[in-house]
>>> print(open('work13.txt').read())   # compact mmCIF, C-alpha atoms and all ligand atoms
# COMPACT_ATOMS: atom_id res chain seq x y z
CA MET R 13 13.11 13.26 9.86
CA ARG R 14 11.62 11.71 6.75
CA TYR R 15 8.43 13.34 5.47
CA ALA R 16 5.84 11.08 3.90
CA ILE R 17 2.33 10.83 2.53
CA PHE R 18 0.44 7.57 2.98
CA ASP R 19 -1.91 6.90 0.06
CA SER R 20 -4.38 4.24 1.08
CA ASP R 21 -7.55 2.25 0.58
CA THR R 22 -7.59 1.61 4.31
CA ALA R 23 -8.59 -1.94 5.29
CA SER R 24 -6.85 -4.76 7.19
CA ASP R 25 -3.14 -4.55 6.41
CA ASP R 26 -3.40 -0.89 5.33
CA ALA R 27 -4.33 -0.02 8.91
CA ILE R 28 -1.19 -1.71 10.26
CA ALA R 29 0.94 -0.09 7.57
CA LEU R 30 -0.60 3.26 8.46
CA LEU R 31 0.27 2.76 12.12
CA THR R 32 3.80 1.70 11.12
CA SER R 33 4.39 4.69 8.88
CA ALA R 34 3.06 7.11 11.52
CA LYS R 35 5.49 5.60 13.98
CA PHE R 36 8.62 5.83 11.84
CA PHE R 37 7.95 8.76 9.51
CA ARG R 38 6.66 12.30 9.80
CA LEU R 39 3.32 11.64 8.10
CA ILE R 40 2.02 14.92 6.76
CA ALA R 41 -1.10 13.53 5.09
CA VAL R 42 -3.08 10.40 4.49
CA THR R 43 -4.84 10.35 1.14
CA ILE R 44 -7.66 7.94 0.40
CA VAL R 45 -8.25 6.27 -2.95
CA ALA R 46 -10.93 3.91 -4.30
CA GLY R 47 -9.98 0.31 -3.51
CA ASN R 48 -10.61 -2.38 -0.94
CA VAL R 49 -14.00 -1.38 0.52
CA ASP R 50 -16.54 1.47 0.25
CA PHE R 51 -14.81 4.82 -0.09
CA ASP R 52 -16.36 6.58 2.91
CA GLN R 53 -15.68 3.51 5.02
CA GLN R 54 -12.00 3.67 4.06
CA VAL R 55 -11.91 7.31 5.17
CA ARG R 56 -13.38 6.32 8.53
CA ASN R 57 -10.99 3.37 8.84
CA ALA R 58 -7.97 5.63 8.32
CA ILE R 59 -9.20 8.25 10.80
CA PHE R 60 -10.14 5.56 13.31
CA THR R 61 -6.69 3.95 13.12
CA LEU R 62 -4.83 7.25 13.46
CA ASP R 63 -6.95 8.52 16.33
CA TYR R 64 -6.91 5.19 18.16
CA PHE R 65 -3.12 5.40 18.35
CA GLY R 66 -2.95 9.10 19.19
CA TYR R 67 -2.09 10.41 15.75
CA ASP R 68 -5.17 12.62 15.59
CA GLU R 69 -3.18 15.58 14.26
CA ILE R 70 -2.51 13.79 10.95
CA PRO R 71 -5.04 14.96 8.33
CA VAL R 72 -6.91 12.54 6.07
CA TYR R 73 -7.96 13.70 2.61
CA GLN R 74 -10.42 12.20 0.16
CA GLY R 75 -9.18 11.43 -3.33
CA ALA R 76 -10.42 9.53 -6.37
CA ARG R 77 -13.64 7.61 -5.82
CA ARG R 78 -13.11 5.47 -8.90
CA PRO R 79 -10.32 4.27 -11.20
CA ILE R 80 -9.39 6.38 -14.24
CA MET R 81 -10.68 4.06 -16.99
CA GLY R 82 -11.87 0.82 -15.49
CA LYS R 83 -14.71 -0.08 -13.22
CA TRP R 84 -14.12 0.00 -9.47
CA GLU R 85 -14.04 -3.53 -8.06
CA TYR R 86 -13.86 -3.86 -4.29
CA ALA R 87 -12.14 -6.57 -2.26
CA LYS R 88 -14.73 -7.02 0.49
CA GLU R 89 -14.48 -10.81 0.13
CA VAL R 90 -10.87 -10.42 1.33
CA HIS R 91 -11.27 -7.72 3.98
CA GLY R 92 -14.89 -8.11 5.09
CA GLU R 93 -17.67 -5.57 4.62
CA ASN R 94 -16.05 -2.70 6.54
CA GLY R 95 -12.43 -3.76 6.09
CA MET R 96 -11.67 -3.69 9.81
CA GLY R 97 -12.06 -7.37 10.66
CA GLU R 98 -13.57 -7.91 14.08
CA ILE R 99 -13.90 -4.20 14.74
CA GLN R 100 -17.57 -3.67 13.97
CA GLU R 101 -18.03 -0.15 15.26
CA VAL R 102 -15.75 2.23 13.41
CA ASN R 103 -16.86 5.46 15.07
CA VAL R 104 -14.83 8.58 14.45
CA LYS R 105 -14.97 12.03 15.96
CA ARG R 106 -13.58 14.00 13.03
CA SER R 107 -14.19 14.03 9.31
CA ALA R 108 -11.81 14.19 6.38
CA SER R 109 -9.92 17.45 5.94
CA ILE R 110 -10.88 19.87 3.18
CA GLY R 111 -8.94 19.30 -0.03
CA PHE R 112 -8.85 16.82 -2.91
CA ALA R 113 -6.07 14.27 -2.36
CA PRO R 114 -4.28 14.73 -5.72
CA ASP R 115 -4.20 18.51 -5.08
CA VAL R 116 -2.91 17.94 -1.57
CA ILE R 117 -0.17 15.69 -2.96
CA LEU R 118 0.88 18.47 -5.36
CA GLU R 119 0.77 21.09 -2.62
CA MET R 120 2.85 19.00 -0.22
CA ALA R 121 5.27 18.06 -2.98
CA GLU R 122 5.87 21.78 -3.49
CA ARG R 123 6.17 22.53 0.21
CA TYR R 124 8.54 19.63 0.91
CA SER R 125 10.16 19.59 -2.52
CA GLY R 126 12.94 17.01 -2.75
CA GLU R 127 12.18 15.64 0.71
CA LEU R 128 8.77 14.03 0.41
CA GLU R 129 8.29 10.27 0.09
CA ILE R 130 5.01 8.63 -0.82
CA PHE R 131 3.74 5.23 0.28
CA ALA R 132 1.49 4.17 -2.57
CA VAL R 133 0.10 0.95 -1.12
CA SER R 134 -3.18 1.00 -3.01
CA PRO R 135 -4.49 1.61 -6.54
CA LEU R 136 -2.40 4.39 -8.07
CA THR R 137 -5.29 6.64 -9.13
CA ASN R 138 -4.50 9.58 -6.81
CA ILE R 139 -0.83 9.66 -7.80
CA ALA R 140 -1.74 9.43 -11.50
CA LEU R 141 -4.26 12.28 -11.21
CA ALA R 142 -1.74 14.47 -9.40
CA TYR R 143 0.80 13.75 -12.13
CA LEU R 144 -1.70 14.47 -14.90
CA LYS R 145 -2.37 17.86 -13.35
CA ASP R 146 1.30 18.75 -12.92
CA GLN R 147 3.98 16.78 -14.71
CA ARG R 148 6.70 18.33 -12.56
CA LEU R 149 5.54 16.20 -9.63
CA PRO R 150 7.96 13.25 -10.09
CA LYS R 151 11.00 15.53 -9.83
CA LYS R 152 9.79 16.93 -6.51
CA ILE R 153 9.16 13.56 -4.89
CA LYS R 154 12.17 11.97 -3.24
CA LYS R 155 10.87 8.43 -3.46
CA LEU R 156 7.72 6.61 -4.45
CA TRP R 157 7.27 3.29 -2.68
CA ILE R 158 4.73 1.17 -4.50
CA MET R 159 3.04 -1.96 -3.22
CA GLY R 160 1.65 -3.57 -6.29
CA GLY R 161 2.09 -5.74 -9.31
CA ALA R 162 2.42 -9.45 -9.83
CA PHE R 163 4.40 -11.20 -12.52
CA SER R 164 3.74 -14.89 -11.95
CA ARG R 165 0.59 -15.36 -9.88
CA GLY R 166 -1.93 -12.69 -9.08
CA ASN R 167 -4.27 -12.25 -6.16
CA ALA R 168 -6.99 -10.52 -8.20
CA SER R 169 -6.67 -12.42 -11.49
CA PRO R 170 -4.37 -15.29 -12.45
CA ILE R 171 -1.66 -12.78 -13.36
CA ALA R 172 -2.60 -9.49 -11.70
CA GLU R 173 -2.22 -8.09 -8.20
CA TYR R 174 -5.23 -6.12 -6.89
CA ASN R 175 -3.77 -2.56 -6.84
CA PHE R 176 -2.53 -2.77 -10.43
CA TRP R 177 -5.58 -4.72 -11.57
CA VAL R 178 -8.13 -2.19 -10.28
CA ASP R 179 -6.49 0.72 -12.05
CA PRO R 180 -3.85 -0.45 -14.53
CA GLU R 181 -4.08 2.82 -16.49
CA ALA R 182 -3.08 4.73 -13.36
CA ALA R 183 -0.25 2.25 -12.73
CA SER R 184 0.99 2.68 -16.28
CA LEU R 185 0.91 6.49 -16.03
CA VAL R 186 2.78 6.47 -12.73
CA LEU R 187 5.41 3.93 -13.80
CA ASN R 188 6.24 5.98 -16.86
CA ALA R 189 6.11 9.40 -15.19
CA GLY R 190 9.74 9.57 -14.06
CA PHE R 191 9.43 9.00 -10.30
CA ASP R 192 12.20 7.32 -8.34
CA ILE R 193 10.28 4.09 -7.78
CA THR R 194 10.74 0.97 -5.70
CA ILE R 195 8.06 -1.68 -6.13
CA VAL R 196 7.25 -4.37 -3.61
CA PRO R 197 5.24 -6.88 -5.66
CA TRP R 198 2.75 -9.45 -4.51
CA GLU R 199 4.97 -12.52 -4.76
CA THR R 200 7.71 -10.93 -2.64
CA CYS R 201 5.13 -10.10 0.01
CA GLU R 202 3.65 -13.56 -0.03
CA LEU R 203 7.06 -15.20 0.39
CA GLY R 204 8.39 -12.82 3.01
CA ALA R 205 5.48 -11.21 4.83
CA THR R 206 2.86 -13.88 5.41
CA VAL R 207 1.69 -14.10 9.00
CA ASP R 208 1.45 -17.87 9.44
CA ASP R 209 -0.01 -19.53 12.55
CA SER R 210 3.15 -19.38 14.64
CA PHE R 211 3.70 -15.70 13.76
CA TRP R 212 0.01 -14.98 14.43
CA ASN R 213 0.20 -16.66 17.85
CA GLU R 214 3.35 -14.77 18.69
CA ILE R 215 1.61 -11.49 17.86
CA SER R 216 -1.49 -12.51 19.84
CA SER R 217 0.60 -13.30 22.90
CA LEU R 218 2.10 -9.80 22.98
CA LYS R 219 -1.19 -8.56 24.49
CA THR R 220 -0.52 -4.93 23.70
CA LYS R 221 -2.96 -2.36 22.34
CA ALA R 222 -1.30 -2.59 18.92
CA SER R 223 -1.11 -6.40 18.85
CA GLU R 224 -4.77 -6.71 19.82
CA PHE R 225 -5.63 -4.22 17.10
CA PHE R 226 -3.57 -6.25 14.63
CA VAL R 227 -5.37 -9.48 15.47
CA LYS R 228 -8.82 -7.91 15.22
CA VAL R 229 -8.20 -5.95 12.06
CA ASN R 230 -6.57 -8.82 10.15
CA SER R 231 -8.90 -11.62 11.25
CA LYS R 232 -11.11 -11.62 8.17
CA MET R 233 -8.23 -11.35 5.73
CA ARG R 234 -6.54 -14.22 7.56
CA ASN R 235 -9.62 -16.43 7.14
CA TYR R 236 -9.92 -15.49 3.48
CA SER R 237 -6.24 -16.20 2.83
CA LYS R 238 -6.48 -19.59 4.47
CA ARG R 239 -9.52 -20.48 2.40
CA LYS R 240 -7.40 -19.71 -0.67
CA GLY R 241 -4.72 -22.15 0.52
CA GLN R 242 -2.27 -19.59 1.87
CA LYS R 243 -0.62 -19.91 5.29
CA GLY R 244 -2.10 -16.68 6.60
CA SER R 245 -2.66 -13.00 5.85
CA VAL R 246 -0.01 -11.31 3.75
CA GLN R 247 1.15 -7.99 5.21
CA THR R 248 1.88 -6.37 1.88
CA ASP R 249 1.53 -2.72 2.84
CA THR R 250 3.39 -3.01 6.11
CA LEU R 251 6.24 -4.76 4.32
CA THR R 252 6.44 -1.81 1.90
CA VAL R 253 6.76 0.65 4.80
CA ALA R 254 9.25 -1.67 6.51
CA VAL R 255 11.42 -1.86 3.40
CA ALA R 256 11.41 1.93 3.15
CA TYR R 257 12.41 2.29 6.78
CA ASN R 258 15.03 -0.43 6.72
CA PRO R 259 16.48 -1.22 3.26
CA ASN R 260 18.48 -4.05 4.83
CA LEU R 261 15.31 -6.10 4.59
CA ILE R 262 15.87 -6.25 0.84
CA LEU R 263 17.93 -9.30 -0.07
CA GLU R 264 17.48 -9.09 -3.83
CA SER R 265 16.05 -6.62 -6.29
CA ILE R 266 15.87 -6.09 -10.03
CA ARG R 267 16.42 -2.72 -11.70
CA GLY R 268 14.66 -2.60 -15.03
CA LYS R 269 11.91 -1.36 -17.25
CA VAL R 270 8.55 -2.16 -15.70
CA GLU R 271 5.23 -1.82 -17.48
CA VAL R 272 1.64 -2.77 -16.88
CA GLU R 273 -0.68 -4.65 -19.19
CA THR R 274 -3.90 -2.69 -19.73
CA CYS R 275 -5.93 -4.98 -21.96
CA SER R 276 -7.85 -8.24 -22.01
CA MET R 277 -7.30 -11.20 -19.72
CA SER R 278 -3.91 -10.15 -18.42
CA ARG R 279 -5.07 -6.63 -17.52
CA GLY R 280 -3.04 -5.39 -14.57
CA ALA R 281 -0.15 -7.81 -15.04
CA MET R 282 3.27 -6.36 -14.29
CA LEU R 283 5.84 -6.82 -17.04
CA VAL R 284 9.44 -6.69 -15.85
CA ASP R 285 12.11 -6.62 -18.55
CA TYR R 286 14.39 -8.77 -16.45
CA TYR R 287 17.12 -9.14 -19.09
CA GLY R 288 16.83 -5.67 -20.63
CA LEU R 289 15.64 -7.24 -23.88
CA GLU R 290 14.00 -4.06 -25.13
CA GLY R 291 16.91 -1.76 -24.34
CA LYS R 292 14.63 0.71 -22.57
CA GLU R 293 15.74 2.97 -19.74
CA PRO R 294 14.98 1.33 -16.34
CA ASN R 295 12.14 3.07 -14.49
CA ALA R 296 11.85 1.09 -11.28
CA THR R 297 13.52 -1.22 -8.82
CA VAL R 298 11.50 -4.33 -8.08
CA VAL R 299 12.16 -5.95 -4.72
CA SER R 300 12.30 -9.66 -5.46
CA ARG R 301 13.30 -11.16 -2.13
CA ILE R 302 13.20 -9.90 1.43
CA ASP R 303 14.48 -11.08 4.78
CA GLY R 304 11.34 -12.65 6.24
CA GLN R 305 12.84 -13.16 9.68
CA ALA R 306 13.93 -9.53 9.87
CA PHE R 307 10.43 -8.45 8.82
CA ARG R 308 8.95 -10.64 11.53
CA GLU R 309 11.15 -8.98 14.13
CA PHE R 310 10.30 -5.56 12.72
CA LEU R 311 6.55 -6.17 12.94
CA LEU R 312 6.78 -7.61 16.45
CA ASP R 313 8.68 -4.50 17.46
CA VAL R 314 5.99 -2.24 15.96
CA LEU R 315 3.26 -4.13 17.81
CA SER R 316 5.08 -4.43 21.15
CA CA R 401 -3.74 -0.97 0.35
>>> encode(input="work13.txt", output="structure tokens")
Amino acid sequence: MRYAIFDSDTASDDAIALLTSAKFFRLIAVTIVAGNVDFDQQVRNAIFTLDYFGYDEIPVYQGARRPIMGKWEYAKEVHGENGMGEIQEVNVKRSASIGFAPDVILEMAERYSGELEIFAVSPLTNIALAYLKDQRLPKKIKKLWIMGGAFSRGNASPIAEYNFWVDPEAASLVLNAGFDITIVPWETCELGATVDDSFWNEISSLKTKASEFFVKVNSKMRNYSKRKGQKGSVQTDTLTVAVAYNPNLILESIRGKVEVETCSMSRGAMLVDYYGLEGKEPNATVVSRIDGQAFREFLLDVLS
């Protein structure tokens, strides 16, 4: 059994990734961080998703309501006002559990020391705050799976991916903290985990509870993506969970020193020292190519 925490700004793809991680991992906590849509809405979205699929024993904790240094910028234009696509009524019967997410991360890291993995598929503020409070955290965490970073074309600025762009200071702290990190960056997701029309229709035709949920929850992001000239919604967070569950999805990766730009126009850009030019110790593995067909089969299996 693999123990994991899912750190999330729950909207659209986060919800599917949450469902996926609950299915394949022993999720001991979901921690919410400022990101995609209004904070309290994200909390409700996470609880709604868990409870809808019978995971109502998994606690949800509230974390940072803003980035460390920068201004919080939402992504409602991508995910819609409530982040749940066609699901207008996000009614929940329970509230968030008592405890501040970064503290919960530290507590769970102690309790499951050496065994705990974290899915950091959102701005890295909660992880950074936990680390700032206790620098022994990285040694207790088995693996930190990060969805974030862009190095050639961003989805939030010309060169930055949203999670890194919203809180690049947090990303920088986390990257340099000493965690065992694998990063699934934006470009890899776009190339390997875009749900194009044929994939979308295949999911729709499954007619299961999960497939219907997928279609509803991703509808607004799909429309937004198409308006931007993409083939469909990019399942970034679910790909990150998929890669953790099945490393065979990774066809290519780069091990190197990875940093984040924190100033001016390129704020949030991910810098990968591909050729080791600076002679610095590698701090992360960046997944550069995945098996798109295998991901497609994986997702269809999750939703069947
Ligand atoms: Ca996310």
>>> axis_aligned_box(input="work13.txt", around="stretch 145-161 of chain R", padding_each_side="6 Å", output="JSON")
{"center_x": 4.9, "center_y": 6.5, "center_z": -8.7, "size_x": 26.5, "size_y": 36.5, "size_z": 24.0}
>>> closest_residue(input="work13.txt", among="R:Ser217, R:Ser33, R:Thr250, R:Asn188", to="R:Leu144", atoms="only C-alpha atoms")
R:Asn188
>>> residues_near_ligand(input="work13.txt", ligand="ligand CA 401 (chain R)", cutoff="12 Å", atoms="all atoms listed in the file", output="mmCIF file with C-alpha atoms, keeping the file's coordinate frame")
data_model
loop_
_atom_site.group_PDB
_atom_site.id
_atom_site.type_symbol
_atom_site.label_atom_id
_atom_site.label_comp_id
_atom_site.auth_asym_id
_atom_site.auth_seq_id
_atom_site.Cartn_x
_atom_site.Cartn_y
_atom_site.Cartn_z
ATOM 1 C CA PHE R 18 0.440 7.570 2.980
ATOM 2 C CA ASP R 19 -1.910 6.900 0.060
ATOM 3 C CA SER R 20 -4.380 4.240 1.080
ATOM 4 C CA ASP R 21 -7.550 2.250 0.580
ATOM 5 C CA THR R 22 -7.590 1.610 4.310
ATOM 6 C CA ALA R 23 -8.590 -1.940 5.290
ATOM 7 C CA SER R 24 -6.850 -4.760 7.190
ATOM 8 C CA ASP R 25 -3.140 -4.550 6.410
ATOM 9 C CA ASP R 26 -3.400 -0.890 5.330
ATOM 10 C CA ALA R 27 -4.330 -0.020 8.910
ATOM 11 C CA ILE R 28 -1.190 -1.710 10.260
ATOM 12 C CA ALA R 29 0.940 -0.090 7.570
ATOM 13 C CA LEU R 30 -0.600 3.260 8.460
ATOM 14 C CA THR R 43 -4.840 10.350 1.140
ATOM 15 C CA ILE R 44 -7.660 7.940 0.400
ATOM 16 C CA VAL R 45 -8.250 6.270 -2.950
ATOM 17 C CA ALA R 46 -10.930 3.910 -4.300
ATOM 18 C CA GLY R 47 -9.980 0.310 -3.510
ATOM 19 C CA ASN R 48 -10.610 -2.380 -0.940
ATOM 20 C CA VAL R 49 -14.000 -1.380 0.520
ATOM 21 C CA GLN R 54 -12.000 3.670 4.060
ATOM 22 C CA ASN R 57 -10.990 3.370 8.840
ATOM 23 C CA ALA R 58 -7.970 5.630 8.320
ATOM 24 C CA TYR R 86 -13.860 -3.860 -4.290
ATOM 25 C CA ALA R 87 -12.140 -6.570 -2.260
ATOM 26 C CA VAL R 90 -10.870 -10.420 1.330
ATOM 27 C CA HIS R 91 -11.270 -7.720 3.980
ATOM 28 C CA GLY R 95 -12.430 -3.760 6.090
ATOM 29 C CA PHE R 131 3.740 5.230 0.280
ATOM 30 C CA ALA R 132 1.490 4.170 -2.570
ATOM 31 C CA VAL R 133 0.100 0.950 -1.120
ATOM 32 C CA SER R 134 -3.180 1.000 -3.010
ATOM 33 C CA PRO R 135 -4.490 1.610 -6.540
ATOM 34 C CA LEU R 136 -2.400 4.390 -8.070
ATOM 35 C CA ILE R 158 4.730 1.170 -4.500
ATOM 36 C CA MET R 159 3.040 -1.960 -3.220
ATOM 37 C CA GLY R 160 1.650 -3.570 -6.290
ATOM 38 C CA GLU R 173 -2.220 -8.090 -8.200
ATOM 39 C CA TYR R 174 -5.230 -6.120 -6.890
ATOM 40 C CA ASN R 175 -3.770 -2.560 -6.840
ATOM 41 C CA PHE R 176 -2.530 -2.770 -10.430
ATOM 42 C CA VAL R 178 -8.130 -2.190 -10.280
ATOM 43 C CA TRP R 198 2.750 -9.450 -4.510
ATOM 44 C CA VAL R 246 -0.010 -11.310 3.750
ATOM 45 C CA GLN R 247 1.150 -7.990 5.210
ATOM 46 C CA THR R 248 1.880 -6.370 1.880
ATOM 47 C CA ASP R 249 1.530 -2.720 2.840
ATOM 48 C CA THR R 250 3.390 -3.010 6.110
ATOM 49 C CA LEU R 251 6.240 -4.760 4.320
ATOM 50 C CA THR R 252 6.440 -1.810 1.900
ATOM 51 C CA VAL R 253 6.760 0.650 4.800
#
>>> closest_residue(input="work13.txt", among="R:Arg148, R:Asp179, R:Lys228, R:Thr200", to="R:Gly92", atoms="only C-alpha atoms")
R:Lys228
>>> residues_around(input="work13.txt", residues="R:Asp303", least_positions_apart="2", cutoff="8 Å", atoms="only C-alpha atoms", output="CSV table (one decimal) with C-alpha atoms, in the frame of the given file")
chain,number,residue,atom,x,y,z
R,204,GLY,CA,8.4,-12.8,3.0
R,261,LEU,CA,15.3,-6.1,4.6
R,262,ILE,CA,15.9,-6.2,0.8
R,263,LEU,CA,17.9,-9.3,-0.1
R,301,ARG,CA,13.3,-11.2,-2.1
R,305,GLN,CA,12.8,-13.2,9.7
R,306,ALA,CA,13.9,-9.5,9.9
R,307,PHE,CA,10.4,-8.4,8.8
>>> residues_around(input="work13.txt", residues="R:Tyr64", least_positions_apart="5", cutoff="10 Å", atoms="all atoms listed in the file", output="PyMOL selection string")
chain R and resi 31+58-59+104+221-222+225
>>> closest_residue(input="work13.txt", among="R:Asn230, R:Ser164, R:Thr32, R:Asn295", to="R:Lys269", atoms="all atoms listed in the file")
R:Asn295
>>> residues_around(input="work13.txt", residues="R:Ala108", least_positions_apart="5", cutoff="8 Å", atoms="only C-alpha atoms", output="PyMOL selection string")
chain R and resi 55+59+71-74
>>> closest_residue(input="work13.txt", among="R:Ser300, R:Glu122, R:Gly82, R:Leu185", to="R:Glu199", atoms="only C-alpha atoms")
R:Ser300
>>> decode(input="work13.txt", residues="stretch 180-217 of chain R", atoms="C-alpha atoms", output="PDB file, in the first residue's frame")
ATOM      1  CA  PRO R 180       7.256  30.864  -8.090  1.00  0.00           C
ATOM      2  CA  GLU R 181       8.826  31.614  -4.695  1.00  0.00           C
ATOM      3  CA  ALA R 182       7.152  28.501  -3.279  1.00  0.00           C
ATOM      4  CA  ALA R 183       8.304  26.486  -6.304  1.00  0.00           C
ATOM      5  CA  SER R 184      11.860  27.707  -5.830  1.00  0.00           C
ATOM      6  CA  LEU R 185      11.857  26.837  -2.120  1.00  0.00           C
ATOM      7  CA  VAL R 186      10.485  23.366  -2.774  1.00  0.00           C
ATOM      8  CA  LEU R 187      12.820  22.577  -5.682  1.00  0.00           C
ATOM      9  CA  ASN R 188      15.835  23.472  -3.590  1.00  0.00           C
ATOM     10  CA  ALA R 189      14.676  21.822  -0.356  1.00  0.00           C
ATOM     11  CA  GLY R 190      16.106  18.360  -0.989  1.00  0.00           C
ATOM     12  CA  PHE R 191      12.974  16.338  -1.798  1.00  0.00           C
ATOM     13  CA  ASP R 192      13.105  13.358  -4.140  1.00  0.00           C
ATOM     14  CA  ILE R 193      11.261  15.098  -6.970  1.00  0.00           C
ATOM     15  CA  THR R 194       9.753  14.071 -10.273  1.00  0.00           C
ATOM     16  CA  ILE R 195       8.230  16.890 -12.307  1.00  0.00           C
ATOM     17  CA  VAL R 196       5.602  16.456 -14.989  1.00  0.00           C
ATOM     18  CA  PRO R 197       5.765  19.765 -16.873  1.00  0.00           C
ATOM     19  CA  TRP R 198       3.141  21.427 -18.995  1.00  0.00           C
ATOM     20  CA  GLU R 199       4.549  20.536 -22.410  1.00  0.00           C
ATOM     21  CA  THR R 200       4.747  16.827 -21.571  1.00  0.00           C
ATOM     22  CA  CYS R 201       1.111  16.926 -20.472  1.00  0.00           C
ATOM     23  CA  GLU R 202      -0.005  18.760 -23.562  1.00  0.00           C
ATOM     24  CA  LEU R 203       1.729  16.273 -25.862  1.00  0.00           C
ATOM     25  CA  GLY R 204       0.696  13.146 -24.009  1.00  0.00           C
ATOM     26  CA  ALA R 205      -2.450  13.850 -22.012  1.00  0.00           C
ATOM     27  CA  THR R 206      -4.722  15.981 -24.166  1.00  0.00           C
ATOM     28  CA  VAL R 207      -8.246  14.646 -24.440  1.00  0.00           C
ATOM     29  CA  ASP R 208      -8.972  15.306 -28.119  1.00  0.00           C
ATOM     30  CA  ASP R 209     -12.401  14.784 -29.710  1.00  0.00           C
ATOM     31  CA  SER R 210     -11.999  11.064 -30.351  1.00  0.00           C
ATOM     32  CA  PHE R 211     -10.744  10.461 -26.794  1.00  0.00           C
ATOM     33  CA  TRP R 212     -13.558  12.663 -25.420  1.00  0.00           C
ATOM     34  CA  ASN R 213     -16.175  10.701 -27.380  1.00  0.00           C
ATOM     35  CA  GLU R 214     -14.721   7.425 -26.220  1.00  0.00           C
ATOM     36  CA  ILE R 215     -14.972   8.591 -22.605  1.00  0.00           C
ATOM     37  CA  SER R 216     -18.533   9.876 -23.155  1.00  0.00           C
ATOM     38  CA  SER R 217     -19.616   6.538 -24.588  1.00  0.00           C
TER      39      SER R 217
END
